Each structure stands twice: as structure tokens, then as C-alpha cells.
Amino acid sequence: MSRTALPEFLSNAAVPNELQSVILGLAEVSVTISQALAKGALAGVLGAAGAENVQGEDQKKLDVIANDLIKEALAALPAVRGLASEEEPDVLACHTDGQYLVTFDPLDGSSNIDINSMVGTIFSVLPHTGSAAVTEQDFLQPGRQQAAAGYILYGPSVMLVLSTGNGVAMFTLDQDQNRYLLTEADISIPVEAKEFSINMSNQRHWVAGMQHYISDLLLGKEGPRGKDFNMRWVAAMVADVHRILCRGGLFTYPWDSRKPEQAGKLRLMYEANPMGFLVEQAGGEVWTPEGKILDIQPEHIHQRVPVILGAASEVKICVDYHQR
Ligand code: F6P
Ligand code: MN
């Protein structure tokens, strides 16, 4: 069977050449990252890097490797005006004529590395609309303005999932030829949710709305929802959202009282916005308890946000529990 390769797909979809170059650059570097991940202990790349990142999290060696590879690859592209990485304190200015700003989470779910479980790279591409010299301010655009967003999931197969604002397509890496081939052209999140995804160990720290919502799901057929729900938690947003795109359900990482000063765990610009763009493009919804995530005006690049995403009707029900 002949399948459409990523470059051909982008041309057919009339994606602007400069944007194509950014997406193809990310695709190419992801192959190198997937090879480092596959070698694992044989290449000595597992374990801690021995440092903390700007988020106050312990970095893994592969966090640093993936970050350096992506930075180097993107900085070489004339279309890239500037970069912001979850692993770096400051934005990086690149080409003065570049049209795009790229934000990325180089290795999402990196606590999974040492147990040989799924991780991913998440990216968001924004138009550059600001001044000649790139500053953090230029990146602070609502998620709705993204020109493209996507992720690479390093799992049993390596997949690239992408939206340029015209639906969601999934590509699988052909590891013999190192090319991404189209395997799902138009993803649509199933309407009825049967699964939910939350770190249940934090239950006692959630706000009342989330407590009530999850308690009612757990009551199953005997409760107000009148049906049983299944639960899944991979602890890598990229893998949990991939499951939502493939078979539906709801994913949430709520605010909790462990760090009351922090809005949530997930990052708006590196995680919530790009994943939100994909989920909306696949017919789902992406909210905080107060409103739609893609409409948030960011205040700083490392901002965090509570996230409720997935099948549209289920997200609405969860938000309603908070607003009662
Ligand atoms: O990037 C943050 C992250 O690793 C997400 O990928 C994931 O959804 C979440 O944190 C896992 O959090 P926890 O450690 O609470 O399970
Ligand atoms: Mn992450």
C-alpha cells in the first residue's frame, strides 16, 4: 500500500513553505531522539542529569539531550525567529527574517524514561508579529493563534501527530527509511466518554468541584452518571492525550492544594496550548474551570494552568461541576 509521506502531505495541504520547513525540521530531529531513546542503557543516556531545570524539576540526561538537539535543529532554520523551551529559563532569538516562534517540551513525561515507558516531544508554532528583536513578550499570544501544533510520541511505534489548523493527522515513522507516513488523515474524538484520566493519588488536594465530579464517575452504573467508567494514567501527557484522540474520554490535571500558589502542574505554552489546539481540531474541548484554554492571554512563558480536555460533552460536564 502506498502511503503519503509527511512532505507530500504538507504540500498537498498548501501549508506555507516556511511552516513546512519548521515541521519537517522537528520531524527530522525527532528521528534522532527516537534513536537515542531506543538505545537506552546501551548508549548510557538513562538516569539523572544532576541538575534542576527552570521549572524546579530534576532533569534526566535525555531531557538535556532532546533539548539540545531540538534547539540546534530549529535554530538552523531561516524560518525560525525565536525559540522557547520548557527546559530553559529564557527565550532564544534566532533569525531576524524568520516568520515563526516555536515553543517546545523536548521530552514530556520524562519520569517514564527509566522504566522504558512512553514519552514524547510537544511543539507549538506561533506567527512572529512583534518587533525585530525577539523578546518573551512576542511569545505571549493566545493558543488560538497557533499556526501549527503537534507532538511526537515515542512508543512501540514512533508517531507524529499534527494540526496546521485544518484537522488532525497522524503519521507513523517507517524506521527502515526514517520517514513519517500518513496513517490517520482526519482524527475525530469519539463523542461519548467511557474513560477518565487523572492522578488519583492527589484526590484529597483537589477543589470540591473536581472531588464531586470524580466521585460521581466512580459510582458508575449505580451513580448519577448511570454508567461505568474506566480509568487510565500513563503519567506522560503526550501519551494520555494520544489515547484521548484515538478513543476518547477526559484528561485532567487540576489545580491542587499541595502548591496553592501554582495554577496547576501543566505548562500553558509547552503543553496545554499545543495539546489544546489538537484536541479542538479533533472536535474536543479544552478548559480550565473558568474558561477555554486557547483564549487565555499568557502572562509569562513558563505559566502553568489547570487542564480539563477531551470529548466535548464530558469536558462540559466536568466544568459544570466546578461552576455549580
Ligand atoms: O510534564 C508534566 C507531566 O510529566 C505530564 O506529562 C504528565 O501528565 C504529568 O506531569 C504527570 O504528573 P504526575 O507525576 O502527577 O503523575
Ligand atoms: Mn511535559
# chains A, B, ... in the order shown; residues from 1 in each chain; ligands from 1

call {"tool": "select_by_dssp", "arguments": {"residues": "segment 121-223 of chain A", "states": "helix (DSSP H, G or I)", "output": "ChimeraX atom specification"}}
result
/A:136-139,143-145,200-205,208-218,220-222

call {"tool": "residues_near_ligand", "arguments": {"ligand": "ligand 1", "cutoff": "9 Å", "atoms": "only C-alpha atoms and all ligand atoms", "output": "PyMOL selection string"}}
result
chain A and resi 105+107-112+119-120+198-202+233-241+251-253+265-267+270-271

call {"tool": "atom_distance", "arguments": {"atom1": "atom CA of Trp287 of chain A", "atom2": "atom CA of Gln303 of chain A"}}
result
15.4 Å

call {"tool": "residues_around", "arguments": {"residues": "segment 84-99 of chain A", "least_positions_apart": "5", "cutoff": "9 Å", "atoms": "only C-alpha atoms", "output": "number ranges by chain"}}
result
A: 18-19, 53-55, 59, 63-64, 67, 71, 74-79, 104-106, 126-129, 132-136, 139, 267, 269-270, 301-302

call {"tool": "closest_residue", "arguments": {"among": "A:Met159, A:Leu245, A:Ala208, A:Ile122", "to": "ligand 2", "atoms": "only C-alpha atoms and all ligand atoms"}}
result
A:Ile122

call {"tool": "residues_around", "arguments": {"residues": "Gly248 of chain A", "least_positions_apart": "2", "cutoff": "8 Å", "atoms": "only C-alpha atoms", "output": "list in words"}}
result
Ile189, Pro190, Val191, Glu192, Ala193, Lys194, Glu195, Arg243, Ile244, Leu245, Cys246, Leu250, Gly310 and Ala311 of chain A

call {"tool": "write_last_selection", "arguments": {"atoms": "all heavy atoms", "output": "mmCIF file, in the first residue's frame"}}
result
data_model
loop_
_atom_site.group_PDB
_atom_site.id
_atom_site.type_symbol
_atom_site.label_atom_id
_atom_site.label_comp_id
_atom_site.auth_asym_id
_atom_site.auth_seq_id
_atom_site.Cartn_x
_atom_site.Cartn_y
_atom_site.Cartn_z
ATOM 1 N N ILE A 189 -12.469 12.944 17.866
ATOM 2 C CA ILE A 189 -12.598 12.331 19.191
ATOM 3 C C ILE A 189 -13.998 11.731 19.341
ATOM 4 O O ILE A 189 -14.986 12.440 19.106
ATOM 5 C CB ILE A 189 -12.356 13.380 20.311
ATOM 6 C CG1 ILE A 189 -10.913 13.888 20.228
ATOM 7 C CG2 ILE A 189 -12.642 12.806 21.695
ATOM 8 C CD1 ILE A 189 -10.574 14.982 21.226
ATOM 9 N N PRO A 190 -14.112 10.444 19.720
ATOM 10 C CA PRO A 190 -15.438 9.863 19.910
ATOM 11 C C PRO A 190 -16.271 10.711 20.886
ATOM 12 O O PRO A 190 -15.754 11.255 21.857
ATOM 13 C CB PRO A 190 -15.146 8.484 20.500
ATOM 14 C CG PRO A 190 -13.763 8.172 20.036
ATOM 15 C CD PRO A 190 -13.041 9.486 19.963
ATOM 16 N N VAL A 191 -17.553 10.832 20.586
ATOM 17 C CA VAL A 191 -18.417 11.762 21.325
ATOM 18 C C VAL A 191 -18.657 11.291 22.763
ATOM 19 O O VAL A 191 -18.587 12.069 23.708
ATOM 20 C CB VAL A 191 -19.761 11.909 20.568
ATOM 21 C CG1 VAL A 191 -20.757 12.733 21.377
ATOM 22 C CG2 VAL A 191 -19.514 12.570 19.217
ATOM 23 N N GLU A 192 -18.912 9.999 22.914
ATOM 24 C CA GLU A 192 -19.277 9.520 24.256
ATOM 25 C C GLU A 192 -18.033 9.070 25.027
ATOM 26 O O GLU A 192 -17.260 8.241 24.551
ATOM 27 C CB GLU A 192 -20.251 8.342 24.145
ATOM 28 C CG GLU A 192 -21.075 8.201 25.409
ATOM 29 C CD GLU A 192 -21.668 6.801 25.546
ATOM 30 O OE1 GLU A 192 -21.877 6.153 24.509
ATOM 31 O OE2 GLU A 192 -21.884 6.375 26.688
ATOM 32 N N ALA A 193 -17.842 9.645 26.230
ATOM 33 C CA ALA A 193 -16.660 9.306 27.026
ATOM 34 C C ALA A 193 -16.917 8.064 27.867
ATOM 35 O O ALA A 193 -17.954 7.946 28.520
ATOM 36 C CB ALA A 193 -16.299 10.484 27.920
ATOM 37 N N LYS A 194 -15.937 7.167 27.869
ATOM 38 C CA LYS A 194 -16.036 5.964 28.695
ATOM 39 C C LYS A 194 -14.858 5.858 29.655
ATOM 40 O O LYS A 194 -14.816 4.976 30.487
ATOM 41 C CB LYS A 194 -16.030 4.717 27.797
ATOM 42 C CG LYS A 194 -17.166 4.657 26.792
ATOM 43 C CD LYS A 194 -17.194 3.276 26.134
ATOM 44 C CE LYS A 194 -18.249 3.203 25.065
ATOM 45 N NZ LYS A 194 -17.739 3.358 23.706
ATOM 46 N N GLU A 195 -13.855 6.746 29.468
ATOM 47 C CA GLU A 195 -12.637 6.665 30.287
ATOM 48 C C GLU A 195 -12.286 8.043 30.834
ATOM 49 O O GLU A 195 -12.521 9.049 30.176
ATOM 50 C CB GLU A 195 -11.452 6.173 29.444
ATOM 51 C CG GLU A 195 -11.492 4.692 29.190
ATOM 52 C CD GLU A 195 -10.294 4.199 28.382
ATOM 53 O OE1 GLU A 195 -9.767 4.944 27.548
ATOM 54 O OE2 GLU A 195 -9.925 3.041 28.573
ATOM 55 N N ARG A 243 -4.178 8.891 23.665
ATOM 56 C CA ARG A 243 -5.295 7.945 23.875
ATOM 57 C C ARG A 243 -6.642 8.656 23.720
ATOM 58 O O ARG A 243 -7.573 8.124 23.116
ATOM 59 C CB ARG A 243 -5.186 7.284 25.262
ATOM 60 C CG ARG A 243 -6.201 6.164 25.480
ATOM 61 C CD ARG A 243 -6.250 5.676 26.915
ATOM 62 N NE ARG A 243 -6.484 6.774 27.838
ATOM 63 C CZ ARG A 243 -5.551 7.348 28.580
ATOM 64 N NH1 ARG A 243 -4.315 6.917 28.569
ATOM 65 N NH2 ARG A 243 -5.843 8.375 29.366
ATOM 66 N N ILE A 244 -6.733 9.885 24.251
ATOM 67 C CA ILE A 244 -7.986 10.651 24.126
ATOM 68 C C ILE A 244 -8.310 10.879 22.644
ATOM 69 O O ILE A 244 -9.449 10.719 22.210
ATOM 70 C CB ILE A 244 -7.880 12.013 24.850
ATOM 71 C CG1 ILE A 244 -7.555 11.840 26.331
ATOM 72 C CG2 ILE A 244 -9.121 12.874 24.610
ATOM 73 C CD1 ILE A 244 -8.657 11.535 27.255
ATOM 74 N N LEU A 245 -7.294 11.254 21.846
ATOM 75 C CA LEU A 245 -7.534 11.492 20.412
ATOM 76 C C LEU A 245 -7.969 10.196 19.714
ATOM 77 O O LEU A 245 -8.795 10.228 18.807
ATOM 78 C CB LEU A 245 -6.272 12.040 19.738
ATOM 79 C CG LEU A 245 -5.881 13.485 20.091
ATOM 80 C CD1 LEU A 245 -4.507 13.825 19.525
ATOM 81 C CD2 LEU A 245 -6.919 14.482 19.577
ATOM 82 N N CYS A 246 -7.421 9.068 20.149
ATOM 83 C CA CYS A 246 -7.725 7.796 19.463
ATOM 84 C C CYS A 246 -9.056 7.200 19.916
ATOM 85 O O CYS A 246 -9.817 6.712 19.090
ATOM 86 C CB CYS A 246 -6.627 6.773 19.727
ATOM 87 S SG CYS A 246 -5.055 7.216 18.977
ATOM 88 N N LEU A 250 -11.825 11.727 28.942
ATOM 89 C CA LEU A 250 -11.470 13.015 29.531
ATOM 90 C C LEU A 250 -10.130 12.895 30.239
ATOM 91 O O LEU A 250 -9.873 11.904 30.925
ATOM 92 C CB LEU A 250 -12.555 13.460 30.517
ATOM 93 C CG LEU A 250 -12.269 14.771 31.264
ATOM 94 C CD1 LEU A 250 -13.496 15.676 31.251
ATOM 95 C CD2 LEU A 250 -11.834 14.523 32.715
ATOM 96 N N GLY A 310 -10.771 16.876 26.384
ATOM 97 C CA GLY A 310 -11.266 15.599 25.855
ATOM 98 C C GLY A 310 -12.565 15.765 25.106
ATOM 99 O O GLY A 310 -12.834 16.825 24.513
ATOM 100 N N ALA A 311 -13.408 14.729 25.172
ATOM 101 C CA ALA A 311 -14.696 14.736 24.475
ATOM 102 C C ALA A 311 -15.494 15.956 24.937
ATOM 103 O O ALA A 311 -15.606 16.226 26.136
ATOM 104 C CB ALA A 311 -15.454 13.456 24.788
#

call {"tool": "residues_around", "arguments": {"residues": "Ala312 of chain A", "least_positions_apart": "4", "cutoff": "8 Å", "atoms": "only C-alpha atoms", "output": "PyMOL selection string"}}
result
chain A and resi 191+283-285+316

call {"tool": "write_last_selection", "arguments": {"atoms": "all heavy atoms", "output": "tab-separated table (two decimals), in the first residue's frame"}}
result
chain	number	residue	atom	x	y	z
A	191	VAL	N	-17.55	10.83	20.59
A	191	VAL	CA	-18.42	11.76	21.32
A	191	VAL	C	-18.66	11.29	22.76
A	191	VAL	O	-18.59	12.07	23.71
A	191	VAL	CB	-19.76	11.91	20.57
A	191	VAL	CG1	-20.76	12.73	21.38
A	191	VAL	CG2	-19.51	12.57	19.22
A	283	GLY	N	-12.37	18.06	17.37
A	283	GLY	CA	-13.76	18.16	17.80
A	283	GLY	C	-13.97	18.15	19.31
A	283	GLY	O	-15.10	18.14	19.78
A	284	GLY	N	-12.87	18.14	20.09
A	284	GLY	CA	-13.00	18.13	21.55
A	284	GLY	C	-12.96	19.53	22.14
A	284	GLY	O	-13.01	20.53	21.41
A	285	GLU	N	-12.91	19.60	23.47
A	285	GLU	CA	-12.87	20.89	24.18
A	285	GLU	C	-11.71	20.87	25.17
A	285	GLU	O	-11.31	19.80	25.67
A	285	GLU	CB	-14.18	21.11	24.96
A	285	GLU	CG	-15.38	21.33	24.07
A	285	GLU	CD	-15.64	22.78	23.70
A	285	GLU	OE1	-14.96	23.67	24.23
A	285	GLU	OE2	-16.52	23.02	22.86
A	316	LYS	N	-17.61	19.55	29.29
A	316	LYS	CA	-18.64	20.48	29.74
A	316	LYS	C	-19.21	20.03	31.09
A	316	LYS	O	-19.40	20.84	31.99
A	316	LYS	CB	-19.74	20.57	28.68
A	316	LYS	CG	-20.77	21.61	29.01
A	316	LYS	CD	-21.69	21.92	27.85
A	316	LYS	CE	-22.66	23.04	28.24
A	316	LYS	NZ	-23.30	22.87	29.54

call {"tool": "residues_around", "arguments": {"residues": "Leu294 of chain A", "least_positions_apart": "5", "cutoff": "8 Å", "atoms": "only C-alpha atoms", "output": "ChimeraX atom specification"}}
result
/A:142-144,273,276-277,286

call {"tool": "write_last_selection", "arguments": {"atoms": "all heavy atoms", "output": "compact mmCIF listing (two decimals), in the first residue's frame"}}
result
# COMPACT_ATOMS: atom_id res chain seq x y z
N PRO A 142 -2.32 34.15 22.65
CA PRO A 142 -3.27 33.08 23.00
C PRO A 142 -3.09 31.87 22.08
O PRO A 142 -2.73 32.01 20.91
CB PRO A 142 -4.63 33.74 22.77
CG PRO A 142 -4.38 35.21 22.83
CD PRO A 142 -2.99 35.42 22.35
N GLY A 143 -3.35 30.69 22.61
CA GLY A 143 -3.16 29.44 21.86
C GLY A 143 -3.92 29.37 20.56
O GLY A 143 -3.55 28.66 19.63
N ARG A 144 -5.01 30.13 20.49
CA ARG A 144 -5.82 30.13 19.28
C ARG A 144 -5.05 30.67 18.07
O ARG A 144 -5.41 30.42 16.93
CB ARG A 144 -7.08 30.97 19.52
CG ARG A 144 -8.27 30.47 18.74
CD ARG A 144 -9.58 30.98 19.26
NE ARG A 144 -10.05 30.37 20.50
CZ ARG A 144 -10.41 29.11 20.64
NH1 ARG A 144 -10.35 28.28 19.63
NH2 ARG A 144 -10.83 28.65 21.80
N ASN A 273 -1.49 24.53 25.50
CA ASN A 273 -1.90 25.15 24.23
C ASN A 273 -1.71 24.22 23.03
O ASN A 273 -2.66 24.05 22.25
CB ASN A 273 -1.15 26.48 24.00
CG ASN A 273 -1.88 27.66 24.63
OD1 ASN A 273 -3.05 27.54 25.02
ND2 ASN A 273 -1.21 28.78 24.75
N GLY A 276 -4.13 21.46 23.39
CA GLY A 276 -5.47 22.02 23.26
C GLY A 276 -5.84 22.27 21.81
O GLY A 276 -6.97 22.04 21.38
N PHE A 277 -4.88 22.76 21.04
CA PHE A 277 -5.11 23.03 19.61
C PHE A 277 -5.49 21.73 18.91
O PHE A 277 -6.47 21.67 18.15
CB PHE A 277 -3.81 23.61 19.03
CG PHE A 277 -3.95 24.20 17.65
CD1 PHE A 277 -4.60 25.40 17.45
CD2 PHE A 277 -3.38 23.57 16.55
CE1 PHE A 277 -4.69 25.97 16.18
CE2 PHE A 277 -3.47 24.12 15.27
CZ PHE A 277 -4.12 25.33 15.09
N VAL A 286 -11.21 22.09 25.49
CA VAL A 286 -10.05 22.23 26.37
C VAL A 286 -10.29 23.42 27.28
O VAL A 286 -10.32 24.56 26.83
CB VAL A 286 -8.77 22.49 25.54
CG1 VAL A 286 -7.54 22.39 26.41
CG2 VAL A 286 -8.69 21.51 24.39

call {"tool": "closest_residue", "arguments": {"among": "A:Val207, A:Asp114, A:Glu28, A:Ile23", "to": "Leu62 of chain A", "atoms": "only C-alpha atoms"}}
result
A:Asp114

call {"tool": "closest_residue", "arguments": {"among": "A:Ala149, A:Ala38, A:Leu6, A:Leu140", "to": "Thr121 of chain A", "atoms": "only C-alpha atoms"}}
result
A:Ala149

call {"tool": "residues_around", "arguments": {"residues": "His212 of chain A", "least_positions_apart": "6", "cutoff": "10 Å", "atoms": "only C-alpha atoms", "output": "list in words"}}
result
Trp206, Leu218, Cys318, Tyr321 and His322 of chain A

call {"tool": "write_last_selection", "arguments": {"atoms": "all heavy atoms", "output": "compact mmCIF listing (two decimals), in the first residue's frame"}}
result
# COMPACT_ATOMS: atom_id res chain seq x y z
N TRP A 206 -7.76 18.16 45.79
CA TRP A 206 -8.50 18.87 44.74
C TRP A 206 -9.56 19.82 45.31
O TRP A 206 -10.02 19.63 46.44
CB TRP A 206 -9.24 17.90 43.82
CG TRP A 206 -8.38 16.87 43.15
CD1 TRP A 206 -7.07 16.97 42.82
CD2 TRP A 206 -8.81 15.56 42.74
NE1 TRP A 206 -6.66 15.81 42.23
CE2 TRP A 206 -7.70 14.93 42.16
CE3 TRP A 206 -10.03 14.87 42.81
CZ2 TRP A 206 -7.77 13.63 41.67
CZ3 TRP A 206 -10.09 13.60 42.30
CH2 TRP A 206 -8.97 12.98 41.73
N LEU A 218 -16.89 7.50 39.74
CA LEU A 218 -16.53 6.25 40.43
C LEU A 218 -17.76 5.46 40.88
O LEU A 218 -17.69 4.25 41.07
CB LEU A 218 -15.62 6.55 41.64
CG LEU A 218 -14.24 7.14 41.31
CD1 LEU A 218 -13.48 7.50 42.58
CD2 LEU A 218 -13.40 6.17 40.48
N CYS A 318 -17.74 18.20 33.38
CA CYS A 318 -16.72 18.41 34.42
C CYS A 318 -16.64 19.89 34.82
O CYS A 318 -16.60 20.22 36.01
CB CYS A 318 -15.37 17.90 33.91
SG CYS A 318 -14.04 18.11 35.09
N TYR A 321 -19.56 20.96 37.06
CA TYR A 321 -19.41 20.59 38.48
C TYR A 321 -18.64 21.68 39.24
O TYR A 321 -18.90 21.92 40.42
CB TYR A 321 -18.64 19.27 38.63
CG TYR A 321 -19.51 18.02 38.61
CD1 TYR A 321 -19.99 17.51 37.41
CD2 TYR A 321 -19.82 17.35 39.80
CE1 TYR A 321 -20.75 16.35 37.38
CE2 TYR A 321 -20.59 16.20 39.78
CZ TYR A 321 -21.06 15.70 38.56
OH TYR A 321 -21.82 14.55 38.55
N HIS A 322 -17.67 22.32 38.55
CA HIS A 322 -16.89 23.38 39.18
C HIS A 322 -17.67 24.67 39.33
O HIS A 322 -17.43 25.45 40.23
CB HIS A 322 -15.62 23.67 38.38
CG HIS A 322 -14.58 22.59 38.47
ND1 HIS A 322 -14.66 21.40 37.77
CD2 HIS A 322 -13.45 22.51 39.20
CE1 HIS A 322 -13.62 20.65 38.05
NE2 HIS A 322 -12.87 21.29 38.91

call {"tool": "closest_residue", "arguments": {"among": "A:Lys221, A:Gln145, A:Ala282, A:Asp176", "to": "Asp295 of chain A", "atoms": "only C-alpha atoms"}}
result
A:Gln145

call {"tool": "atom_distance", "arguments": {"atom1": "atom CA of Asp216 of chain A", "atom2": "atom CA of Gln281 of chain A"}}
result
28.7 Å

call {"tool": "closest_residue", "arguments": {"among": "A:Phe171, A:Phe229, A:Tyr100, A:Tyr151", "to": "ligand 2", "atoms": "only C-alpha atoms and all ligand atoms"}}
result
A:Tyr151

call {"tool": "closest_residue", "arguments": {"among": "A:Leu162, A:Ala14, A:Leu268, A:Leu101", "to": "ligand 2", "atoms": "only C-alpha atoms and all ligand atoms"}}
result
A:Leu268

call {"tool": "select_by_dssp", "arguments": {"residues": "segment 80-135 of chain A", "states": "strand (DSSP E or B)", "output": "PyMOL selection string"}}
result
chain A and resi 80-85+92-93+100-108+119-127

call {"tool": "atom_distance", "arguments": {"atom1": "atom CA of Ile113 of chain A", "atom2": "atom CA of His242 of chain A"}}
result
17.7 Å
